[in-house]
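What follows is one structure encoded as structure tokens, with my remarks underneath.
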Amino acid sequence: MSHVGVGPRAVMRSVAFLTAGVLAVPALAGCTSEDPSGKPLAEQDVAAAARARIADGGTLRWAVDSVPDTLNAFQSDADATTTRVAQAVLPSMYRTDETGSPVRDPDYLESAEVVDTEPKQVVVYKLNQQAVWSDGREIGAADFAAQWRALSGKDSAYWTARNAGYDRIEKIERGANDLEVKVTFSRPYADWKALFTPLYPKDVTGTPDAFNDGARRTLKVTAGPFAVKKVDTKGDEVVLTGNPRWWGEPAKLDRIVLRAVPRDERVSELVAGKLDLAEIDPDTADEVGLAAGPRDPATGTPLMGPGGTPAPGPQGRSAAEALRSWALAHGSDEEAAEEEALAREERREAEAKARSRQRALSGFEVRKSLEPAYTQLALNGSDGPLADERVRRAVARALDRGKLAEAVLKPLGLPTEPVGSHLALSGQPVYADGSGALGEQNAKEARALLADAGWVPGGPVKKKDGEEAAGAEKDKDEKDGKKSEGDDDGTYIVGEDGKNDDGKNDDGDAKDGADQESGEKHSSGKNTAQGGAPGAYAPKGTAAPAGSAAGPLAKDGKALTLRFVLPSGPGSETLRTVADRITDMLAEIGIGTEITKVPDESYFKDHVAAGEYDLALYSWPASAFPATDARPIYAKPVPAADGSLNVAQNYTRVGTDQVDQLFDRAMATLDQKEARDLLRKADSRIWAAAGSVPLYQRPQLVAARENLANAGAFGFETPAYEDMGYLKKGAQGSRPSAPSSVPPSS
């Protein structure tokens, strides 16, 4: 599991190892007789159509974020485009279905089952007898064995990003015939279905040189419905063409061109007719939806604007133009007449451009669902106030997660239920709402937790020359040695601007929070909950003093101010909207927030992964194998040989031995129900530690040509690349009904 948009091995700055305290865990949420996994909150939206309704041929131009640096999905610099290429051109033993569960891919695998558990776990794969590589060689045990040796972690000459699962294999042998592969494990492994997806040919995995360099820019041997034609770094595109040796249903498309197009340029590329499919932001979705909506038969202009509001007609005029007309009517001079004529001409040109743009976009539609990923608030527990579990829990309990999810998803017409698990999303078998281990939003109890930790409302604040507020050190100048220009970048303090911190302004009116609602990314350090850092502690259990939200909280002469680091780029507006609302919620319990906006390219590597933050927003993708993929995200950090702290992917630096043990037990049991229950218990303990707070499932908005079928917002399901194509004349694809908002579960 990797950060959305960031490779699984983000560069991390070394941090000192801090001893963990034992985290107190309240009563865990129990499982009822009803299955709490539910169903996916939103259906996929791909204009599904039977193959018989799709024409043969054509090119799909598909926007991606980047041309990949490598086509080897097991290397550290692999990205989302690497995965997309691998899905189209390489074998997958298992795919993901609409509920986020693994399902056997019959094009490659006739069957796979555990045939022995004692003395060792043994899995026998029976391969599809037609399955061959593009050079004509049968897919077989030699390919499985070469991939195991490359990913086992035993040979450091292979530059691998991960070896989870492969390190548990003892040997791989040919089975009863050439179509059988027998895999024997040295230790039980519950997530064995995660292995050999994708499967590379032995030509790629057989030697370190081939593995490290041979598959970075080309894949000469493939075994999918498509093959890699070329990777064009100058043209910023990857071209896939049909595989003539493919034995399954033939690909409907002739070519798929994956074009690297920045998010803020995609609407222009759609208008120019250079794209057929592109993930887009909410503003672009509004524009595409408007262009595709009903039109005035006389003028051809849209009848309705975003949100159902009347669209401005071609005769609509600005206030300035109206004033000019008034001036002309009342005898103003010739200069006013010239200005009026110029304004009319400019308006006609603008209207002509707008009509042309709308006509170009009218052939597209917005397909929307929920992405199999969730956005969380991360709380850095390595140092500062958030090293105290009570302060983390207070922050978490100040948040109204339902309102945050609603702010992002309601304007898009998507379900607004907040995410209740760190390890799965609604519809996946492991999913259950474990947030009860933390408790519901409660400002009064949050203030009591802060009082118990010694943070006093209105306490004296002493500052020495050069001293910063409590929290992580303020970030120094960015890479260029200067702060970013403009009000959007840099630092400002929320909660220390002279306003009341009780959620009201000076007139006593409730704050509005963010001005706009738009769609849209572990050993705890010094754990003062167990008697760590000195300070003015109130007796345990003391209720928060009356009027506790009347001013900033302080302890030892320092105000309680948390550094909130955010990306400043044009694609991060949603994160900033959510951050604004969070700062308002924290201000209501007396916590100040120092917001620092940094360039997108440095946000994750130099701040989140390096631990240079108190609060941050980023996303994790859901996995069909959470025991394997989520463990490095929540595992207790351990000291490295050089004395630094090895956090793996646990960028909050909060973890416990109990969570690690539950993951290990879930990974080692072959009883699916037992593994599911262990993971739900682990999730409850992760909630209780309050190192991260899941907020909402990310929206997935895709602009697609209206005649493009079996492509769009895929949700959990692995795309079927061979079924994508353009509908025959008169044929229509099936779209889901508009998703309705789902109330939060109790």
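Please note that chains go A, B, ... in the order of the structure tokens, that every chain numbers its residues from 1, and that ligands are numbered from 1 in the order shown.
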May I have the residues within 9 Å of Gln87 in chain A as a ChimeraX atom specification, using only C-alpha atoms and disregarding those fewer than 5 positions away in the same chain?
-> /A:82,92,197-198,224,718-721
Would you export the selected residues with N, CA and C atoms as a JSON list (two decimals), in the first residue's frame, please?
[["chain", "number", "residue", "atom", "x", "y", "z"],
["A", 82, "THR", "N", 2.69, 2.88, -14.13],
["A", 82, "THR", "CA", 3.33, 1.56, -14.18],
["A", 82, "THR", "C", 2.30, 0.47, -13.95],
["A", 92, "SER", "N", -2.07, -11.63, -14.42],
["A", 92, "SER", "CA", -2.48, -11.40, -13.04],
["A", 92, "SER", "C", -3.20, -12.67, -12.58],
["A", 197, "THR", "N", 1.08, -11.25, -9.00],
["A", 197, "THR", "CA", 0.20, -10.30, -9.68],
["A", 197, "THR", "C", 0.83, -8.91, -9.55],
["A", 198, "PRO", "N", 1.43, -8.39, -10.61],
["A", 198, "PRO", "CA", 1.60, -9.03, -11.92],
["A", 198, "PRO", "C", 2.71, -10.07, -11.90],
["A", 224, "GLY", "N", -0.59, -10.18, -22.21],
["A", 224, "GLY", "CA", -1.89, -9.62, -21.94],
["A", 224, "GLY", "C", -2.60, -9.29, -23.23],
["A", 718, "THR", "N", -10.67, -3.97, -11.10],
["A", 718, "THR", "CA", -9.58, -3.90, -12.06],
["A", 718, "THR", "C", -10.16, -3.75, -13.47],
["A", 719, "PRO", "N", -9.70, -2.78, -14.26],
["A", 719, "PRO", "CA", -10.26, -2.59, -15.60],
["A", 719, "PRO", "C", -10.04, -3.82, -16.49],
["A", 720, "ALA", "N", -11.02, -4.06, -17.36],
["A", 720, "ALA", "CA", -10.89, -5.10, -18.38],
["A", 720, "ALA", "C", -10.52, -4.39, -19.68],
["A", 721, "TYR", "N", -9.23, -4.30, -19.95],
["A", 721, "TYR", "CA", -8.74, -3.49, -21.06],
["A", 721, "TYR", "C", -9.22, -4.01, -22.42]]
Skip Val647 in chain A itself and residues of its chain fewer than 2 positions away, then list as a PyMOL selection string all residues within 8 Å of it, counting only C-alpha atoms.
-> chain A and resi 522+635-638+645+649-651+653
Output N, CA, C and O atoms for every residue in that selection, as a PDB file, in the first residue's frame.
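In the end it all went to part_14.pdb:
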ATOM      1  N   HIS A 522       5.071   4.272  13.249  1.00  0.00           N
ATOM      2  CA  HIS A 522       4.130   4.700  14.326  1.00  0.00           C
ATOM      3  C   HIS A 522       4.739   4.210  15.644  1.00  0.00           C
ATOM      4  O   HIS A 522       4.330   3.375  16.178  1.00  0.00           O
ATOM      5  N   ALA A 635       2.827  -0.167  11.647  1.00  0.00           N
ATOM      6  CA  ALA A 635       3.734  -0.912  12.515  1.00  0.00           C
ATOM      7  C   ALA A 635       4.563   0.042  13.372  1.00  0.00           C
ATOM      8  O   ALA A 635       4.911   1.152  12.959  1.00  0.00           O
ATOM      9  N   LYS A 636       4.890  -0.412  14.556  1.00  0.00           N
ATOM     10  CA  LYS A 636       5.701   0.376  15.487  1.00  0.00           C
ATOM     11  C   LYS A 636       7.088   0.602  14.896  1.00  0.00           C
ATOM     12  O   LYS A 636       7.782  -0.345  14.541  1.00  0.00           O
ATOM     13  N   PRO A 637       7.524   1.846  14.776  1.00  0.00           N
ATOM     14  CA  PRO A 637       8.863   2.103  14.249  1.00  0.00           C
ATOM     15  C   PRO A 637       9.945   1.452  15.102  1.00  0.00           C
ATOM     16  O   PRO A 637       9.810   1.315  16.316  1.00  0.00           O
ATOM     17  N   VAL A 638      11.022   1.067  14.439  1.00  0.00           N
ATOM     18  CA  VAL A 638      12.115   0.378  15.140  1.00  0.00           C
ATOM     19  C   VAL A 638      13.423   1.093  14.822  1.00  0.00           C
ATOM     20  O   VAL A 638      13.555   1.738  13.789  1.00  0.00           O
ATOM     21  N   LEU A 645      15.532   6.208  13.323  1.00  0.00           N
ATOM     22  CA  LEU A 645      14.272   5.490  13.488  1.00  0.00           C
ATOM     23  C   LEU A 645      13.767   5.028  12.133  1.00  0.00           C
ATOM     24  O   LEU A 645      13.525   5.837  11.231  1.00  0.00           O
ATOM     25  N   GLN A 649       6.528   2.923   6.331  1.00  0.00           N
ATOM     26  CA  GLN A 649       5.569   3.884   5.793  1.00  0.00           C
ATOM     27  C   GLN A 649       4.699   4.490   6.889  1.00  0.00           C
ATOM     28  O   GLN A 649       3.696   5.140   6.594  1.00  0.00           O
ATOM     29  N   ASN A 650       5.116   4.321   8.139  1.00  0.00           N
ATOM     30  CA  ASN A 650       4.354   4.865   9.261  1.00  0.00           C
ATOM     31  C   ASN A 650       4.802   6.296   9.523  1.00  0.00           C
ATOM     32  O   ASN A 650       5.589   6.559  10.422  1.00  0.00           O
ATOM     33  N   TYR A 651       4.285   7.216   8.733  1.00  0.00           N
ATOM     34  CA  TYR A 651       4.752   8.592   8.784  1.00  0.00           C
ATOM     35  C   TYR A 651       4.202   9.363   9.975  1.00  0.00           C
ATOM     36  O   TYR A 651       4.626  10.493  10.219  1.00  0.00           O
ATOM     37  N   ARG A 653       4.497   7.996  12.977  1.00  0.00           N
ATOM     38  CA  ARG A 653       5.406   7.508  14.020  1.00  0.00           C
ATOM     39  C   ARG A 653       4.671   7.074  15.290  1.00  0.00           C
ATOM     40  O   ARG A 653       5.224   7.110  16.384  1.00  0.00           O
TER      41      ARG A 653
END
Counting only C-alpha atoms, closest pick from A:Lys274, A:Arg104, A:Arg61, A:Arg259 relative to Phe196 in chain A is A:Arg104
May I have all residues of range 169-276 of chain A that DSSP, computed from the backbone, assigns to strand (DSSP E or B), given as a PyMOL selection string?
-> chain A and resi 169-174+180-185+226-232+237-242+255-260
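Of the residues listed (A:Gln358, A:Ser644, A:Asn163, A:Thr561), A:Thr561 shows the shortest atom-to-atom separation from Thr593 in chain A; distances use only C-alpha atoms.
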Going by DSSP on the backbone, which bits of range 533-659 of chain A are alpha helix (DSSP H)? Write them as a VMD selection string, please.
-> chain A and resid 573 to 587 600 to 602 626 to 629 631 to 634 657 to 659
Please save N, CA and C atoms of the selected residues as a PDB file, in the first residue's frame.
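Wrote again.pdb, looks like this:
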ATOM      1  N   GLU A 573      -6.738  22.169  -3.922  1.00  0.00           N
ATOM      2  CA  GLU A 573      -7.728  23.069  -3.336  1.00  0.00           C
ATOM      3  C   GLU A 573      -8.603  22.361  -2.309  1.00  0.00           C
ATOM      4  N   THR A 574      -8.962  21.108  -2.595  1.00  0.00           N
ATOM      5  CA  THR A 574      -9.845  20.387  -1.683  1.00  0.00           C
ATOM      6  C   THR A 574      -9.174  20.161  -0.342  1.00  0.00           C
ATOM      7  N   LEU A 575      -7.890  19.763  -0.354  1.00  0.00           N
ATOM      8  CA  LEU A 575      -7.185  19.565   0.908  1.00  0.00           C
ATOM      9  C   LEU A 575      -7.149  20.856   1.716  1.00  0.00           C
ATOM     10  N   ARG A 576      -6.978  21.977   1.046  1.00  0.00           N
ATOM     11  CA  ARG A 576      -6.932  23.252   1.766  1.00  0.00           C
ATOM     12  C   ARG A 576      -8.306  23.625   2.312  1.00  0.00           C
ATOM     13  N   THR A 577      -9.358  23.293   1.575  1.00  0.00           N
ATOM     14  CA  THR A 577     -10.709  23.525   2.086  1.00  0.00           C
ATOM     15  C   THR A 577     -10.950  22.710   3.353  1.00  0.00           C
ATOM     16  N   VAL A 578     -10.560  21.427   3.302  1.00  0.00           N
ATOM     17  CA  VAL A 578     -10.721  20.563   4.473  1.00  0.00           C
ATOM     18  C   VAL A 578      -9.878  21.082   5.630  1.00  0.00           C
ATOM     19  N   ALA A 579      -8.660  21.522   5.345  1.00  0.00           N
ATOM     20  CA  ALA A 579      -7.786  22.043   6.391  1.00  0.00           C
ATOM     21  C   ALA A 579      -8.394  23.271   7.060  1.00  0.00           C
ATOM     22  N   ASP A 580      -9.025  24.150   6.287  1.00  0.00           N
ATOM     23  CA  ASP A 580      -9.666  25.329   6.866  1.00  0.00           C
ATOM     24  C   ASP A 580     -10.748  24.929   7.864  1.00  0.00           C
ATOM     25  N   ARG A 581     -11.521  23.930   7.503  1.00  0.00           N
ATOM     26  CA  ARG A 581     -12.580  23.483   8.410  1.00  0.00           C
ATOM     27  C   ARG A 581     -12.008  22.828   9.659  1.00  0.00           C
ATOM     28  N   ILE A 582     -10.928  22.081   9.486  1.00  0.00           N
ATOM     29  CA  ILE A 582     -10.296  21.447  10.649  1.00  0.00           C
ATOM     30  C   ILE A 582      -9.742  22.504  11.599  1.00  0.00           C
ATOM     31  N   THR A 583      -9.125  23.545  11.061  1.00  0.00           N
ATOM     32  CA  THR A 583      -8.587  24.590  11.934  1.00  0.00           C
ATOM     33  C   THR A 583      -9.695  25.262  12.736  1.00  0.00           C
ATOM     34  N   ASP A 584     -10.859  25.455  12.130  1.00  0.00           N
ATOM     35  CA  ASP A 584     -11.989  26.032  12.868  1.00  0.00           C
ATOM     36  C   ASP A 584     -12.431  25.109  13.995  1.00  0.00           C
ATOM     37  N   MET A 585     -12.477  23.803  13.710  1.00  0.00           N
ATOM     38  CA  MET A 585     -12.898  22.840  14.732  1.00  0.00           C
ATOM     39  C   MET A 585     -11.899  22.790  15.890  1.00  0.00           C
ATOM     40  N   LEU A 586     -10.613  22.886  15.578  1.00  0.00           N
ATOM     41  CA  LEU A 586      -9.597  22.865  16.628  1.00  0.00           C
ATOM     42  C   LEU A 586      -9.623  24.159  17.428  1.00  0.00           C
ATOM     43  N   ALA A 587      -9.897  25.286  16.761  1.00  0.00           N
ATOM     44  CA  ALA A 587      -9.968  26.553  17.477  1.00  0.00           C
ATOM     45  C   ALA A 587     -11.060  26.533  18.536  1.00  0.00           C
ATOM     46  N   ASP A 600       4.162  21.371  -4.058  1.00  0.00           N
ATOM     47  CA  ASP A 600       3.700  19.988  -4.147  1.00  0.00           C
ATOM     48  C   ASP A 600       4.861  18.998  -4.189  1.00  0.00           C
ATOM     49  N   GLU A 601       5.927  19.349  -4.926  1.00  0.00           N
ATOM     50  CA  GLU A 601       7.010  18.396  -5.107  1.00  0.00           C
ATOM     51  C   GLU A 601       7.778  18.128  -3.814  1.00  0.00           C
ATOM     52  N   SER A 602       7.692  19.034  -2.844  1.00  0.00           N
ATOM     53  CA  SER A 602       8.406  18.821  -1.583  1.00  0.00           C
ATOM     54  C   SER A 602       7.484  18.393  -0.448  1.00  0.00           C
ATOM     55  N   PRO A 626      -5.063  -6.290   3.335  1.00  0.00           N
ATOM     56  CA  PRO A 626      -4.611  -5.324   4.346  1.00  0.00           C
ATOM     57  C   PRO A 626      -3.619  -5.881   5.354  1.00  0.00           C
ATOM     58  N   ALA A 627      -3.649  -7.185   5.635  1.00  0.00           N
ATOM     59  CA  ALA A 627      -2.687  -7.734   6.590  1.00  0.00           C
ATOM     60  C   ALA A 627      -1.263  -7.514   6.084  1.00  0.00           C
ATOM     61  N   THR A 628      -1.065  -7.672   4.792  1.00  0.00           N
ATOM     62  CA  THR A 628       0.260  -7.477   4.193  1.00  0.00           C
ATOM     63  C   THR A 628       0.541  -6.013   3.912  1.00  0.00           C
ATOM     64  N   ASP A 629      -0.394  -5.333   3.256  1.00  0.00           N
ATOM     65  CA  ASP A 629      -0.118  -3.998   2.734  1.00  0.00           C
ATOM     66  C   ASP A 629      -0.241  -2.895   3.776  1.00  0.00           C
ATOM     67  N   ARG A 631       0.332  -3.277   7.122  1.00  0.00           N
ATOM     68  CA  ARG A 631       1.220  -3.422   8.274  1.00  0.00           C
ATOM     69  C   ARG A 631       2.341  -2.385   8.304  1.00  0.00           C
ATOM     70  N   PRO A 632       3.066  -2.129   7.196  1.00  0.00           N
ATOM     71  CA  PRO A 632       4.143  -1.130   7.275  1.00  0.00           C
ATOM     72  C   PRO A 632       3.655   0.289   7.532  1.00  0.00           C
ATOM     73  N   ILE A 633       2.366   0.540   7.336  1.00  0.00           N
ATOM     74  CA  ILE A 633       1.813   1.873   7.565  1.00  0.00           C
ATOM     75  C   ILE A 633       1.557   2.114   9.055  1.00  0.00           C
ATOM     76  N   TYR A 634       1.235   1.051   9.791  1.00  0.00           N
ATOM     77  CA  TYR A 634       0.853   1.208  11.194  1.00  0.00           C
ATOM     78  C   TYR A 634       1.778   0.480  12.160  1.00  0.00           C
ATOM     79  N   ASP A 657       2.958  -2.406  20.187  1.00  0.00           N
ATOM     80  CA  ASP A 657       3.257  -3.827  20.040  1.00  0.00           C
ATOM     81  C   ASP A 657       1.986  -4.630  19.774  1.00  0.00           C
ATOM     82  N   GLN A 658       0.874  -4.213  20.404  1.00  0.00           N
ATOM     83  CA  GLN A 658      -0.375  -4.968  20.231  1.00  0.00           C
ATOM     84  C   GLN A 658      -0.835  -4.961  18.779  1.00  0.00           C
ATOM     85  N   VAL A 659      -0.737  -3.793  18.127  1.00  0.00           N
ATOM     86  CA  VAL A 659      -1.146  -3.702  16.725  1.00  0.00           C
ATOM     87  C   VAL A 659      -0.258  -4.597  15.864  1.00  0.00           C
TER      88      VAL A 659
END
Can you work out which one of A:Ala141, A:Trp133, A:Arg563, A:Pro91 has the shortest atom-to-atom distance to Asn380 in chain A, counting only C-alpha atoms?
->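 Smallest separation from Asn380 in chain A among the options: A:Arg563.
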Find the residues near Val115 in chain A: any atom within 7 Å, counting only C-alpha atoms, skip ones fewer than 5 places away on the same chain, and give them as JSON, numbers by chain.
-> {"A": [122, 123, 124]}
Restricted to N, CA, C and O atoms, what would the selected residues look like written as a CSV table (one decimal), in the first residue's frame?
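Result went into out06.csv, see below:
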chain,number,residue,atom,x,y,z
A,122,VAL,N,1.1,-25.5,1.4
A,122,VAL,CA,1.4,-25.7,0.0
A,122,VAL,C,0.2,-25.2,-0.9
A,122,VAL,O,-0.9,-25.6,-0.6
A,123,VAL,N,0.5,-24.4,-1.9
A,123,VAL,CA,-0.5,-23.9,-2.8
A,123,VAL,C,-0.2,-24.5,-4.2
A,123,VAL,O,1.0,-24.4,-4.7
A,124,VAL,N,-1.2,-25.0,-4.9
A,124,VAL,CA,-1.0,-25.5,-6.3
A,124,VAL,C,-1.8,-24.7,-7.2
A,124,VAL,O,-3.0,-24.5,-7.1
Top pick for closest residue to Ala622 in chain A, considering A:His422, A:Arg676, A:Arg255, A:Lys605 and counting only C-alpha atoms = A:His422
Go through A:Glu173, A:Asp167, A:Asp286, A:Asp107 and flag the residue nearest Asp143 in chain A, using only C-alpha atoms for the distances.
->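 Using only C-alpha atoms, the shortest distance to Asp143 in chain A belongs to A:Glu173.
Note that the spacing between CA of Asn243 in chain A and CA of Ala223 in chain A amounts to 7.7 Å.
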Write out as number ranges by chain which residues come within 9 Å of Phe226 in chain A when counting only C-alpha atoms, dropping same-chain ones fewer than 6 positions away.
-> A: 85, 88-90, 240-244, 246, 251, 255-256, 721-722
Using only all heavy atoms, please write the residues we just selected to a file, as a CSV table (one decimal), in the first residue's frame.
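Heads up, here's the output in selection.csv:
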chain,number,residue,atom,x,y,z
A,85,VAL,N,-0.1,0.0,-17.0
A,85,VAL,CA,0.5,-0.7,-18.1
A,85,VAL,C,0.6,-2.2,-17.7
A,85,VAL,O,0.2,-3.1,-18.6
A,85,VAL,CB,1.9,-0.2,-18.4
A,85,VAL,CG1,2.7,-1.1,-19.4
A,85,VAL,CG2,1.9,1.3,-18.9
A,88,ALA,N,-2.5,-4.1,-18.2
A,88,ALA,CA,-2.9,-4.3,-19.6
A,88,ALA,C,-2.1,-5.3,-20.4
A,88,ALA,O,-2.5,-5.9,-21.4
A,88,ALA,CB,-2.9,-3.0,-20.4
A,89,VAL,N,-0.8,-5.5,-19.9
A,89,VAL,CA,0.1,-6.3,-20.7
A,89,VAL,C,0.7,-7.5,-20.0
A,89,VAL,O,1.4,-8.4,-20.7
A,89,VAL,CB,1.3,-5.4,-21.2
A,89,VAL,CG1,0.8,-4.2,-21.9
A,89,VAL,CG2,2.2,-5.1,-20.1
A,90,LEU,N,0.4,-7.7,-18.7
A,90,LEU,CA,1.0,-8.8,-18.0
A,90,LEU,C,0.0,-9.7,-17.3
A,90,LEU,O,-1.1,-9.3,-17.0
A,90,LEU,CB,2.0,-8.3,-16.9
A,90,LEU,CG,3.3,-7.6,-17.4
A,90,LEU,CD1,4.0,-6.9,-16.3
A,90,LEU,CD2,4.2,-8.7,-18.1
A,240,LEU,N,0.3,1.5,-26.3
A,240,LEU,CA,0.0,0.0,-26.2
A,240,LEU,C,-0.8,-0.4,-27.4
A,240,LEU,O,-1.7,0.3,-27.9
A,240,LEU,CB,-0.8,-0.3,-24.9
A,240,LEU,CG,-0.3,0.3,-23.6
A,240,LEU,CD1,-1.3,-0.1,-22.5
A,240,LEU,CD2,1.1,-0.2,-23.3
A,241,THR,N,-0.4,-1.5,-28.0
A,241,THR,CA,-1.1,-2.1,-29.1
A,241,THR,C,-1.5,-3.5,-28.9
A,241,THR,O,-1.0,-4.2,-28.0
A,241,THR,CB,-0.2,-2.0,-30.4
A,241,THR,OG1,1.0,-2.7,-30.1
A,241,THR,CG2,0.1,-0.6,-30.8
A,242,GLY,N,-2.4,-4.0,-29.7
A,242,GLY,CA,-2.9,-5.4,-29.5
A,242,GLY,C,-1.8,-6.4,-29.5
A,242,GLY,O,-0.9,-6.3,-30.3
A,243,ASN,N,-2.0,-7.5,-28.7
A,243,ASN,CA,-1.0,-8.6,-28.7
A,243,ASN,C,-1.5,-9.7,-29.6
A,243,ASN,O,-2.6,-10.3,-29.3
A,243,ASN,CB,-0.9,-9.1,-27.2
A,243,ASN,CG,0.0,-10.3,-27.1
A,243,ASN,OD1,0.6,-10.7,-28.0
A,243,ASN,ND2,-0.1,-11.0,-25.9
A,244,PRO,N,-0.9,-10.0,-30.7
A,244,PRO,CA,-1.4,-11.0,-31.6
A,244,PRO,C,-1.4,-12.4,-31.1
A,244,PRO,O,-2.1,-13.2,-31.6
A,244,PRO,CB,-0.4,-10.9,-32.8
A,244,PRO,CG,0.9,-10.2,-32.3
A,244,PRO,CD,0.4,-9.3,-31.2
A,246,TRP,N,-2.4,-13.1,-28.0
A,246,TRP,CA,-3.4,-13.1,-26.9
A,246,TRP,C,-4.5,-14.2,-27.2
A,246,TRP,O,-5.1,-14.2,-28.3
A,246,TRP,CB,-4.0,-11.7,-26.7
A,246,TRP,CG,-5.2,-11.7,-25.8
A,246,TRP,CD1,-6.5,-11.4,-26.1
A,246,TRP,CD2,-5.1,-11.9,-24.4
A,246,TRP,NE1,-7.2,-11.4,-24.9
A,246,TRP,CE2,-6.4,-11.7,-23.8
A,246,TRP,CE3,-4.1,-12.2,-23.5
A,246,TRP,CZ2,-6.8,-11.8,-22.5
A,246,TRP,CZ3,-4.4,-12.4,-22.1
A,246,TRP,CH2,-5.7,-12.2,-21.7
A,251,ALA,N,-8.8,-7.7,-28.0
A,251,ALA,CA,-9.0,-6.3,-27.6
A,251,ALA,C,-9.9,-5.6,-28.7
A,251,ALA,O,-9.7,-5.8,-29.9
A,251,ALA,CB,-7.7,-5.6,-27.5
A,255,ARG,N,-5.4,0.6,-30.3
A,255,ARG,CA,-4.3,1.2,-29.5
A,255,ARG,C,-4.9,1.9,-28.3
A,255,ARG,O,-6.0,2.4,-28.3
A,255,ARG,CB,-3.6,2.2,-30.3
A,255,ARG,CG,-2.9,1.7,-31.5
A,255,ARG,CD,-1.8,2.7,-32.0
A,255,ARG,NE,-2.3,4.1,-32.1
A,255,ARG,CZ,-1.5,5.2,-32.2
A,255,ARG,NH1,-0.2,5.0,-32.3
A,255,ARG,NH2,-2.0,6.4,-32.3
A,256,ILE,N,-4.1,1.9,-27.2
A,256,ILE,CA,-4.3,2.7,-26.0
A,256,ILE,C,-3.1,3.6,-25.9
A,256,ILE,O,-2.0,3.1,-25.8
A,256,ILE,CB,-4.6,1.9,-24.8
A,256,ILE,CG1,-5.8,1.1,-24.9
A,256,ILE,CG2,-4.6,2.8,-23.5
A,256,ILE,CD1,-6.1,0.2,-23.7
A,721,TYR,N,-9.2,-4.3,-20.0
A,721,TYR,CA,-8.7,-3.5,-21.1
A,721,TYR,C,-9.2,-4.0,-22.4
A,721,TYR,O,-9.4,-3.2,-23.3
A,721,TYR,CB,-7.2,-3.4,-21.0
A,721,TYR,CG,-6.7,-2.7,-19.8
A,721,TYR,CD1,-6.6,-3.3,-18.6
A,721,TYR,CD2,-6.3,-1.3,-19.9
A,721,TYR,CE1,-6.1,-2.6,-17.5
A,721,TYR,CE2,-5.9,-0.6,-18.9
A,721,TYR,CZ,-5.8,-1.2,-17.6
A,721,TYR,OH,-5.3,-0.5,-16.5
A,722,GLU,N,-9.4,-5.3,-22.5
A,722,GLU,CA,-9.8,-5.9,-23.8
A,722,GLU,C,-11.3,-5.5,-24.2
A,722,GLU,O,-11.7,-5.6,-25.3
A,722,GLU,CB,-9.6,-7.4,-23.8
A,722,GLU,CG,-10.5,-8.2,-22.8
A,722,GLU,CD,-9.8,-8.3,-21.5
A,722,GLU,OE1,-9.0,-7.4,-21.1
A,722,GLU,OE2,-10.1,-9.3,-20.8
With only C-alpha atoms as the atoms that count, which of A:Phe564, A:Phe364, A:Tyr613, A:Tyr94 lies nearest to Ala285 in chain A?
->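 For Ala285 in chain A, the nearest of the candidates is A:Phe364.
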